[in-house]
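Participant: Here you go, one structure.
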Amino acid sequence: MPHQIGFVDNSGGVLAHYKMLETIRDFASANGWTVLRYDTVPANRELILKGVGYTGEEEIFVGFRTYQDAGADYYNLLAAVFTGYVPGNTFDSQPGARLSGVPAHNNRIDYWLTLNPQRIALAMKVGTPVYESAYVGKCLPYGRPSQYPYPVVCSGMLNGAATLRFSDTTANHSIGYKGNSARLGLRSNDNWLNAYCYPWGNAQIAGTNQIRDTGDVYHPLPIELHDNVNNLWGALDGIFYISGFNNAVENTFTLDSHDYVV
C-alpha cells in the first residue's frame, strides 16, 4: 500500500494544517482517489474524495476539512466519512456524515500517511509532541458484501468538531482506536455505531497488565470492532495494536514486506 512520510510547516505564511490538507489531496489523487471537492476559499477549507475499493467498482466517500480559532490557538482537521456525495451540500451535511476532529497545528507537523483503494490513515506529530491519528474508509468486514456492503469507519481524536487544542489532556482527547466512544464510528447497514475495539478492554493484553514482547519480538494484534455482546463486525485495515512495554513512539518494524510505525 502506498505510504508517505514527511513534514509540513507554515513557511510562506500558509498555516500547517492547510498544507496538511493539501498533502492529503495530492497523495490521494496520485494514488487512485478522485477529488470531488477541494475548496480553499473559506477559512474552513474542504476536501472530499471518492475511492473505488479493492474491486475497482465501489464508491467510498471520505473527506477532511480544517477548522480553527487563532484566539484559542487551535488549528484542527475534521475527518469525515459519508454515504454519498451531493455537490450542493455543505461538507458537514453530506449524506450520512460522520465527523471526528483531529488536532493539528499552525506550525510544523511531522506526518505518516498511508492509503489503499478503500481507506486513508494518517498520524501526525504535533507540538510538544503529541501524536494524533485518523482513519477514514472501509474496514475488513467479517461478512459477505451482500450482507454488509458499506462497512466504513470514521476514527479521529475528538467527538465531532470539538474546539480542543492538541495540548488538551482531558478524556475528551484520545485515540479513537480504543473504541467505545464517539471518536470512532462504524457504519452498520442503517446507522452509525460507537463500536468497541479489541484488544482494548482486555486488561491482560492492553490494560494494566499489558502483554509483553516475547524474546524482543512484538506481536501486532488486529483491531477488531465489536459490540461487547454478541456481534463481531470486522477489523481495521492495516492498523494494529502493539504493546508499549519497552517500546517507544516512532519505532518501526517490517511485517510481510510492509513497513509499520509505532
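Chain labels follow the order of the C-alpha cells: the first chain is A, the next B, and so on; residue numbering restarts at 1 in every chain, and ligands are counted from 1 in their shown order.
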Could you pull the residues within 6 Å of Cys139 of chain A, counting only C-alpha atoms, minus those fewer than 2 positions along the same chain, as a list in words?
Facilitator: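 These residues fall inside the cut-off: Pro141, Val152, Ala235, Leu236 and Asp237 of chain A.
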Participant: Take the selection from the previous step and output its residues with N, CA, C and O atoms, as a short mmCIF file (atom, residue, chain, number, x, y, z; two decimals), in the first residue's frame.
Facilitator:
```cif
data_model
loop_
_atom_site.label_atom_id
_atom_site.label_comp_id
_atom_site.auth_asym_id
_atom_site.auth_seq_id
_atom_site.Cartn_x
_atom_site.Cartn_y
_atom_site.Cartn_z
N PRO A 141 -14.47 -6.38 6.67
CA PRO A 141 -15.67 -6.90 7.33
C PRO A 141 -15.63 -8.42 7.48
O PRO A 141 -15.08 -9.13 6.63
N VAL A 152 -17.85 1.03 6.65
CA VAL A 152 -16.90 2.13 6.75
C VAL A 152 -16.70 2.55 8.21
O VAL A 152 -17.57 2.37 9.06
N ALA A 235 -12.31 -5.83 11.17
CA ALA A 235 -11.05 -5.30 11.69
C ALA A 235 -10.60 -4.12 10.85
O ALA A 235 -10.91 -4.03 9.66
N LEU A 236 -9.86 -3.22 11.48
CA LEU A 236 -9.29 -2.11 10.74
C LEU A 236 -8.27 -2.64 9.73
O LEU A 236 -7.61 -3.66 9.96
N ASP A 237 -8.15 -1.96 8.63
CA ASP A 237 -7.30 -2.38 7.51
C ASP A 237 -5.91 -1.76 7.66
O ASP A 237 -5.73 -0.56 7.45
#
```
Participant: At most 9 Å is the cut-off: for each residue in segment 97-191 of chain A with any atom that close to an atom of segment 28-51 of chain A, write down the nearest atom pair and the distance in Å rounded to one decimal, counting only C-alpha atoms, chain first then increasing number, as JSON lines.
Facilitator:
```
{"residue": "A:Leu115", "atom": "CA", "partner": "A:Ala28", "partner_atom": "CA", "distance": 7.5}
{"residue": "A:Asn116", "atom": "CA", "partner": "A:Asn31", "partner_atom": "CA", "distance": 7.9}
{"residue": "A:Pro117", "atom": "CA", "partner": "A:Gly51", "partner_atom": "CA", "distance": 5.8}
{"residue": "A:Gln118", "atom": "CA", "partner": "A:Gly51", "partner_atom": "CA", "distance": 5.9}
{"residue": "A:Arg119", "atom": "CA", "partner": "A:Gly51", "partner_atom": "CA", "distance": 7.7}
{"residue": "A:Ile120", "atom": "CA", "partner": "A:Ala28", "partner_atom": "CA", "distance": 8.2}
{"residue": "A:Gly137", "atom": "CA", "partner": "A:Gly51", "partner_atom": "CA", "distance": 8.4}
```
Participant: Using the selection just defined, write its residues with all heavy atoms as a short mmCIF file (atom, residue, chain, number, x, y, z; two decimals), in the first residue's frame.
Facilitator:
```cif
data_model
loop_
_atom_site.label_atom_id
_atom_site.label_comp_id
_atom_site.auth_asym_id
_atom_site.auth_seq_id
_atom_site.Cartn_x
_atom_site.Cartn_y
_atom_site.Cartn_z
N LEU A 115 -2.37 4.90 2.44
CA LEU A 115 -3.68 4.65 1.85
C LEU A 115 -3.65 3.42 0.98
O LEU A 115 -2.60 2.93 0.58
CB LEU A 115 -4.17 5.88 1.06
CG LEU A 115 -3.33 6.42 -0.10
CD1 LEU A 115 -3.41 5.57 -1.35
CD2 LEU A 115 -3.78 7.83 -0.45
N ASN A 116 -4.83 2.91 0.72
CA ASN A 116 -5.05 1.88 -0.29
C ASN A 116 -6.36 2.22 -0.97
O ASN A 116 -6.94 3.29 -0.70
CB ASN A 116 -5.02 0.47 0.34
CG ASN A 116 -6.06 0.28 1.42
OD1 ASN A 116 -7.19 0.77 1.29
ND2 ASN A 116 -5.72 -0.42 2.49
N PRO A 117 -6.88 1.41 -1.87
CA PRO A 117 -8.09 1.83 -2.60
C PRO A 117 -9.34 2.00 -1.75
O PRO A 117 -10.33 2.56 -2.24
CB PRO A 117 -8.28 0.69 -3.61
CG PRO A 117 -6.93 0.12 -3.80
CD PRO A 117 -6.29 0.18 -2.46
N GLN A 118 -9.32 1.55 -0.48
CA GLN A 118 -10.55 1.63 0.30
C GLN A 118 -10.46 2.45 1.60
O GLN A 118 -11.47 2.69 2.23
CB GLN A 118 -11.06 0.24 0.64
CG GLN A 118 -10.23 -0.55 1.64
CD GLN A 118 -10.94 -1.80 2.11
OE1 GLN A 118 -12.01 -2.19 1.57
NE2 GLN A 118 -10.41 -2.45 3.13
N ARG A 119 -9.25 2.88 1.98
CA ARG A 119 -9.17 3.66 3.20
C ARG A 119 -7.91 4.53 3.22
O ARG A 119 -6.93 4.26 2.52
CB ARG A 119 -9.22 2.76 4.43
CG ARG A 119 -8.01 1.87 4.63
CD ARG A 119 -7.05 2.49 5.65
NE ARG A 119 -5.90 1.62 5.89
CZ ARG A 119 -4.70 1.83 5.38
NH1 ARG A 119 -4.50 2.83 4.54
NH2 ARG A 119 -3.69 1.03 5.68
N ILE A 120 -7.96 5.60 4.04
CA ILE A 120 -6.83 6.50 4.24
C ILE A 120 -6.57 6.57 5.74
O ILE A 120 -7.50 6.74 6.53
CB ILE A 120 -7.13 7.91 3.69
CG1 ILE A 120 -7.37 7.85 2.17
CG2 ILE A 120 -6.00 8.88 4.01
CD1 ILE A 120 -7.86 9.16 1.57
N GLY A 137 -12.67 5.43 5.86
CA GLY A 137 -12.88 4.48 4.77
C GLY A 137 -13.30 3.12 5.29
O GLY A 137 -13.71 2.97 6.44
#
```
Participant: To test your reading of the structure, identify every residue in segment 77-166 of chain A that backbone DSSP assigns to strand (DSSP E), and report it as a JSON list (two decimals) with N, CA, C and O atoms, in the first residue's frame.
Facilitator:
```
[["chain", "number", "residue", "atom", "x", "y", "z"],
["A", 77, "LEU", "N", -7.94, 19.49, 12.04],
["A", 77, "LEU", "CA", -8.58, 18.84, 10.90],
["A", 77, "LEU", "C", -9.83, 18.13, 11.39],
["A", 77, "LEU", "O", -9.91, 17.73, 12.56],
["A", 78, "LEU", "N", -10.80, 17.98, 10.51],
["A", 78, "LEU", "CA", -12.00, 17.22, 10.80],
["A", 78, "LEU", "C", -12.07, 16.07, 9.80],
["A", 78, "LEU", "O", -12.19, 16.30, 8.59],
["A", 79, "ALA", "N", -11.93, 14.84, 10.30],
["A", 79, "ALA", "CA", -12.01, 13.66, 9.44],
["A", 79, "ALA", "C", -13.47, 13.28, 9.26],
["A", 79, "ALA", "O", -14.28, 13.41, 10.18],
["A", 80, "ALA", "N", -13.82, 12.79, 8.07],
["A", 80, "ALA", "CA", -15.23, 12.50, 7.78],
["A", 80, "ALA", "C", -15.38, 11.30, 6.85],
["A", 80, "ALA", "O", -14.50, 11.02, 6.03],
["A", 81, "VAL", "N", -16.50, 10.61, 7.01],
["A", 81, "VAL", "CA", -16.93, 9.56, 6.09],
["A", 81, "VAL", "C", -18.38, 9.83, 5.76],
["A", 81, "VAL", "O", -19.18, 10.22, 6.63],
["A", 82, "PHE", "N", -18.75, 9.63, 4.50],
["A", 82, "PHE", "CA", -20.11, 9.89, 4.02],
["A", 82, "PHE", "C", -20.67, 8.63, 3.34],
["A", 82, "PHE", "O", -19.91, 7.74, 2.95],
["A", 98, "ARG", "N", -20.36, 11.36, 9.11],
["A", 98, "ARG", "CA", -19.81, 11.07, 10.42],
["A", 98, "ARG", "C", -18.50, 11.85, 10.52],
["A", 98, "ARG", "O", -17.65, 11.77, 9.62],
["A", 99, "LEU", "N", -18.32, 12.59, 11.62],
["A", 99, "LEU", "CA", -17.21, 13.53, 11.75],
["A", 99, "LEU", "C", -16.44, 13.30, 13.04],
["A", 99, "LEU", "O", -17.03, 13.02, 14.08],
["A", 100, "SER", "N", -15.12, 13.43, 12.96],
["A", 100, "SER", "CA", -14.29, 13.31, 14.16],
["A", 100, "SER", "C", -13.07, 14.22, 14.02],
["A", 100, "SER", "O", -12.32, 14.12, 13.04],
["A", 101, "GLY", "N", -12.87, 15.11, 14.99],
["A", 101, "GLY", "CA", -11.79, 16.07, 14.94],
["A", 101, "GLY", "C", -10.43, 15.44, 15.20],
["A", 101, "GLY", "O", -10.30, 14.44, 15.92],
["A", 102, "VAL", "N", -9.39, 16.05, 14.60],
["A", 102, "VAL", "CA", -8.01, 15.60, 14.76],
["A", 102, "VAL", "C", -7.16, 16.86, 15.00],
["A", 102, "VAL", "O", -6.89, 17.61, 14.05],
["A", 103, "PRO", "N", -6.74, 17.12, 16.23],
["A", 103, "PRO", "CA", -5.96, 18.33, 16.49],
["A", 103, "PRO", "C", -4.68, 18.37, 15.65],
["A", 103, "PRO", "O", -3.95, 17.39, 15.57],
["A", 109, "ILE", "N", 4.31, 20.19, 11.27],
["A", 109, "ILE", "CA", 3.67, 18.91, 11.56],
["A", 109, "ILE", "C", 4.45, 17.81, 10.85],
["A", 109, "ILE", "O", 4.59, 17.84, 9.62],
["A", 110, "ASP", "N", 4.99, 16.87, 11.61],
["A", 110, "ASP", "CA", 5.54, 15.65, 11.01],
["A", 110, "ASP", "C", 4.39, 14.67, 10.83],
["A", 110, "ASP", "O", 3.52, 14.57, 11.70],
["A", 111, "TYR", "N", 4.37, 13.94, 9.73],
["A", 111, "TYR", "CA", 3.21, 13.08, 9.47],
["A", 111, "TYR", "C", 3.63, 11.75, 8.85],
["A", 111, "TYR", "O", 4.69, 11.63, 8.23],
["A", 112, "TRP", "N", 2.76, 10.77, 9.03],
["A", 112, "TRP", "CA", 2.84, 9.46, 8.38],
["A", 112, "TRP", "C", 1.47, 9.24, 7.73],
["A", 112, "TRP", "O", 0.45, 9.24, 8.41],
["A", 113, "LEU", "N", 1.45, 9.07, 6.43],
["A", 113, "LEU", "CA", 0.20, 8.99, 5.68],
["A", 113, "LEU", "C", 0.23, 7.73, 4.84],
["A", 113, "LEU", "O", 1.20, 7.47, 4.12],
["A", 114, "THR", "N", -0.82, 6.92, 4.93],
["A", 114, "THR", "CA", -0.88, 5.68, 4.16],
["A", 114, "THR", "C", -2.28, 5.50, 3.61],
["A", 114, "THR", "O", -3.26, 5.91, 4.24],
["A", 115, "LEU", "N", -2.37, 4.90, 2.44],
["A", 115, "LEU", "CA", -3.68, 4.65, 1.85],
["A", 115, "LEU", "C", -3.65, 3.42, 0.98],
["A", 115, "LEU", "O", -2.60, 2.93, 0.58],
["A", 116, "ASN", "N", -4.83, 2.91, 0.72],
["A", 116, "ASN", "CA", -5.05, 1.88, -0.29],
["A", 116, "ASN", "C", -6.36, 2.22, -0.97],
["A", 116, "ASN", "O", -6.94, 3.29, -0.70],
["A", 119, "ARG", "N", -9.25, 2.88, 1.98],
["A", 119, "ARG", "CA", -9.17, 3.66, 3.20],
["A", 119, "ARG", "C", -7.91, 4.53, 3.22],
["A", 119, "ARG", "O", -6.93, 4.26, 2.52],
["A", 120, "ILE", "N", -7.96, 5.60, 4.04],
["A", 120, "ILE", "CA", -6.83, 6.50, 4.24],
["A", 120, "ILE", "C", -6.57, 6.57, 5.74],
["A", 120, "ILE", "O", -7.50, 6.74, 6.53],
["A", 121, "ALA", "N", -5.32, 6.44, 6.14],
["A", 121, "ALA", "CA", -4.95, 6.52, 7.55],
["A", 121, "ALA", "C", -3.83, 7.55, 7.70],
["A", 121, "ALA", "O", -2.92, 7.63, 6.87],
["A", 122, "LEU", "N", -3.90, 8.31, 8.78],
["A", 122, "LEU", "CA", -2.98, 9.43, 9.00],
["A", 122, "LEU", "C", -2.54, 9.45, 10.45],
["A", 122, "LEU", "O", -3.35, 9.24, 11.36],
["A", 123, "ALA", "N", -1.26, 9.71, 10.67],
["A", 123, "ALA", "CA", -0.76, 10.01, 12.02],
["A", 123, "ALA", "C", 0.06, 11.29, 11.91],
["A", 123, "ALA", "O", 0.78, 11.50, 10.93],
["A", 124, "MET", "N", -0.04, 12.16, 12.94],
["A", 124, "MET", "CA", 0.68, 13.42, 12.94],
["A", 124, "MET", "C", 1.38, 13.62, 14.28],
["A", 124, "MET", "O", 0.84, 13.28, 15.33],
["A", 125, "LYS", "N", 2.56, 14.18, 14.21],
["A", 125, "LYS", "CA", 3.33, 14.56, 15.39],
["A", 125, "LYS", "C", 3.21, 16.08, 15.51],
["A", 125, "LYS", "O", 3.72, 16.81, 14.67],
["A", 126, "VAL", "N", 2.54, 16.51, 16.56],
["A", 126, "VAL", "CA", 2.16, 17.92, 16.67],
["A", 126, "VAL", "C", 2.71, 18.50, 17.97],
["A", 126, "VAL", "O", 2.58, 17.90, 19.04],
["A", 130, "VAL", "N", 2.70, 15.73, 20.57],
["A", 130, "VAL", "CA", 1.52, 14.90, 20.79],
["A", 130, "VAL", "C", 1.27, 14.16, 19.48],
["A", 130, "VAL", "O", 1.47, 14.72, 18.40],
["A", 131, "TYR", "N", 0.86, 12.90, 19.57],
["A", 131, "TYR", "CA", 0.64, 12.08, 18.37],
["A", 131, "TYR", "C", -0.86, 11.94, 18.13],
["A", 131, "TYR", "O", -1.61, 11.48, 18.99],
["A", 132, "GLU", "N", -1.29, 12.36, 16.96],
["A", 132, "GLU", "CA", -2.71, 12.38, 16.58],
["A", 132, "GLU", "C", -2.94, 11.40, 15.42],
["A", 132, "GLU", "O", -2.07, 11.27, 14.55],
["A", 133, "SER", "N", -4.10, 10.72, 15.42],
["A", 133, "SER", "CA", -4.35, 9.69, 14.41],
["A", 133, "SER", "C", -5.76, 9.83, 13.82],
["A", 133, "SER", "O", -6.68, 10.32, 14.49],
["A", 134, "ALA", "N", -5.90, 9.36, 12.59],
["A", 134, "ALA", "CA", -7.22, 9.33, 11.94],
["A", 134, "ALA", "C", -7.27, 8.17, 10.95],
["A", 134, "ALA", "O", -6.24, 7.75, 10.41],
["A", 135, "TYR", "N", -8.48, 7.67, 10.73],
["A", 135, "TYR", "CA", -8.74, 6.57, 9.79],
["A", 135, "TYR", "C", -10.10, 6.84, 9.16],
["A", 135, "TYR", "O", -11.10, 7.01, 9.88],
["A", 136, "VAL", "N", -10.16, 6.88, 7.82],
["A", 136, "VAL", "CA", -11.44, 7.07, 7.13],
["A", 136, "VAL", "C", -11.52, 6.07, 5.98],
["A", 136, "VAL", "O", -10.57, 5.88, 5.23],
["A", 137, "GLY", "N", -12.67, 5.43, 5.86],
["A", 137, "GLY", "CA", -12.88, 4.48, 4.77],
["A", 137, "GLY", "C", -13.30, 3.12, 5.29],
["A", 137, "GLY", "O", -13.71, 2.97, 6.44],
["A", 138, "LYS", "N", -13.18, 2.12, 4.44],
["A", 138, "LYS", "CA", -13.67, 0.79, 4.78],
["A", 138, "LYS", "C", -12.75, 0.06, 5.75],
["A", 138, "LYS", "O", -11.53, 0.26, 5.76],
["A", 140, "LEU", "N", -12.13, -4.17, 7.22],
["A", 140, "LEU", "CA", -12.17, -5.52, 6.65],
["A", 140, "LEU", "C", -13.32, -6.26, 7.32],
["A", 140, "LEU", "O", -13.20, -6.72, 8.46],
["A", 141, "PRO", "N", -14.47, -6.38, 6.67],
["A", 141, "PRO", "CA", -15.67, -6.90, 7.33],
["A", 141, "PRO", "C", -15.63, -8.42, 7.48],
["A", 141, "PRO", "O", -15.08, -9.13, 6.63],
["A", 152, "VAL", "N", -17.85, 1.03, 6.65],
["A", 152, "VAL", "CA", -16.90, 2.13, 6.75],
["A", 152, "VAL", "C", -16.70, 2.55, 8.21],
["A", 152, "VAL", "O", -17.57, 2.37, 9.06],
["A", 153, "VAL", "N", -15.53, 3.14, 8.45],
["A", 153, "VAL", "CA", -15.15, 3.61, 9.78],
["A", 153, "VAL", "C", -14.66, 5.04, 9.67],
["A", 153, "VAL", "O", -13.95, 5.40, 8.72],
["A", 154, "CYS", "N", -15.06, 5.86, 10.63],
["A", 154, "CYS", "CA", -14.50, 7.21, 10.78],
["A", 154, "CYS", "C", -13.92, 7.30, 12.18],
["A", 154, "CYS", "O", -14.66, 7.24, 13.17],
["A", 155, "SER", "N", -12.60, 7.44, 12.26],
["A", 155, "SER", "CA", -11.95, 7.50, 13.56],
["A", 155, "SER", "C", -11.01, 8.69, 13.63],
["A", 155, "SER", "O", -10.22, 8.92, 12.71]]
```
Participant: Measuring atom to atom with only C-alpha atoms, identify which of A:Val262, A:Leu255, A:Cys197, A:Ala72 is nearest to Leu164 of chain A.
Facilitator: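 Among the listed residues, A:Ala72 lies closest to Leu164 of chain A.
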Participant: Residues of segment 141-203 of chain A within 8 Å of segment 227-232 of chain A: nearest atom pair and distance (Å, one decimal) for each, counting only C-alpha atoms, sorted by chain and number, as JSON lines?
Facilitator:
```
{"residue": "A:Tyr142", "atom": "CA", "partner": "A:Leu232", "partner_atom": "CA", "distance": 7.4}
{"residue": "A:Ala195", "atom": "CA", "partner": "A:Asp227", "partner_atom": "CA", "distance": 5.7}
{"residue": "A:Tyr196", "atom": "CA", "partner": "A:Asp227", "partner_atom": "CA", "distance": 5.6}
```
Participant: Deliver the residues from the most recent selection as a file, using all heavy atoms, as a PDB file, in the first residue's frame.
Facilitator:
```
ATOM      1  N   TYR A 142     -16.224  -8.915   8.552  1.00  0.00           N
ATOM      2  CA  TYR A 142     -16.392 -10.350   8.739  1.00  0.00           C
ATOM      3  C   TYR A 142     -17.776 -10.736   8.222  1.00  0.00           C
ATOM      4  O   TYR A 142     -18.647 -11.169   8.959  1.00  0.00           O
ATOM      5  CB  TYR A 142     -16.239 -10.715  10.216  1.00  0.00           C
ATOM      6  CG  TYR A 142     -14.852 -10.457  10.782  1.00  0.00           C
ATOM      7  CD1 TYR A 142     -14.651 -10.348  12.145  1.00  0.00           C
ATOM      8  CD2 TYR A 142     -13.739 -10.323   9.953  1.00  0.00           C
ATOM      9  CE1 TYR A 142     -13.388 -10.118  12.677  1.00  0.00           C
ATOM     10  CE2 TYR A 142     -12.481 -10.097  10.464  1.00  0.00           C
ATOM     11  CZ  TYR A 142     -12.304  -9.995  11.825  1.00  0.00           C
ATOM     12  OH  TYR A 142     -11.053  -9.762  12.346  1.00  0.00           O
ATOM     13  N   ALA A 195     -18.538   1.637  18.142  1.00  0.00           N
ATOM     14  CA  ALA A 195     -18.087   0.262  18.347  1.00  0.00           C
ATOM     15  C   ALA A 195     -17.045   0.170  19.454  1.00  0.00           C
ATOM     16  O   ALA A 195     -16.298   1.116  19.710  1.00  0.00           O
ATOM     17  CB  ALA A 195     -17.498  -0.281  17.045  1.00  0.00           C
ATOM     18  N   TYR A 196     -16.999  -0.983  20.103  1.00  0.00           N
ATOM     19  CA  TYR A 196     -15.875  -1.341  20.961  1.00  0.00           C
ATOM     20  C   TYR A 196     -14.739  -1.837  20.070  1.00  0.00           C
ATOM     21  O   TYR A 196     -14.972  -2.267  18.928  1.00  0.00           O
ATOM     22  CB  TYR A 196     -16.259  -2.452  21.935  1.00  0.00           C
ATOM     23  CG  TYR A 196     -17.164  -2.025  23.062  1.00  0.00           C
ATOM     24  CD1 TYR A 196     -18.530  -1.836  22.849  1.00  0.00           C
ATOM     25  CD2 TYR A 196     -16.666  -1.829  24.351  1.00  0.00           C
ATOM     26  CE1 TYR A 196     -19.373  -1.456  23.880  1.00  0.00           C
ATOM     27  CE2 TYR A 196     -17.500  -1.453  25.393  1.00  0.00           C
ATOM     28  CZ  TYR A 196     -18.849  -1.268  25.158  1.00  0.00           C
ATOM     29  OH  TYR A 196     -19.687  -0.887  26.185  1.00  0.00           O
TER      30      TYR A 196
END
```
Participant: Would you mind listing what lies within 9 Å of Lys178 of chain A as a list in words, with only C-alpha atoms counted and same-chain residues fewer than 6 positions away left out?
Facilitator: Leu184, Tyr196, Cys197, Tyr198, Pro199, Trp200, Gly201 and Ile223 of chain A
Participant: Could you list, as a PyMOL selection string, every residue within 8 Å of segment 242-249 of chain A, counting only C-alpha atoms and ignoring same-chain residues fewer than 4 positions away?
Facilitator: chain A and resi 205-206+210-213+218-221+261-262
Participant: For the residues in the current selection, export N, CA and C atoms as a compact mmCIF listing (two decimals), in the first residue's frame.
Facilitator:
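Once everything was written out, this is selection05.txt:
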```
# COMPACT_ATOMS: atom_id res chain seq x y z
N ILE A 205 -4.12 -7.90 28.04
CA ILE A 205 -3.43 -7.57 26.80
C ILE A 205 -3.12 -6.08 26.71
N ALA A 206 -4.15 -5.25 26.90
CA ALA A 206 -3.98 -3.81 26.66
C ALA A 206 -4.30 -2.97 27.89
N GLN A 210 -0.56 -5.22 30.58
CA GLN A 210 -0.45 -5.35 29.12
C GLN A 210 0.54 -6.44 28.71
N ILE A 211 0.23 -7.04 27.57
CA ILE A 211 1.06 -8.10 27.02
C ILE A 211 2.47 -7.58 26.76
N ARG A 212 3.48 -8.42 26.96
CA ARG A 212 4.87 -8.02 26.76
C ARG A 212 5.43 -8.69 25.51
N ASP A 213 6.61 -8.25 25.13
CA ASP A 213 7.27 -8.87 23.98
C ASP A 213 7.70 -10.29 24.34
N TYR A 218 7.69 -8.37 19.06
CA TYR A 218 6.39 -7.79 19.39
C TYR A 218 5.36 -8.28 18.38
N HIS A 219 4.21 -8.69 18.89
CA HIS A 219 3.18 -9.28 18.03
C HIS A 219 2.06 -8.26 17.81
N PRO A 220 1.95 -7.70 16.61
CA PRO A 220 0.83 -6.79 16.32
C PRO A 220 -0.49 -7.56 16.28
N LEU A 221 -1.49 -7.04 16.95
CA LEU A 221 -2.81 -7.68 17.01
C LEU A 221 -3.81 -6.87 16.20
N VAL A 261 4.93 1.82 11.63
CA VAL A 261 5.49 2.75 12.62
C VAL A 261 4.62 2.72 13.87
N VAL A 262 5.27 2.77 15.02
CA VAL A 262 4.56 2.78 16.30
C VAL A 262 4.13 4.22 16.59
```
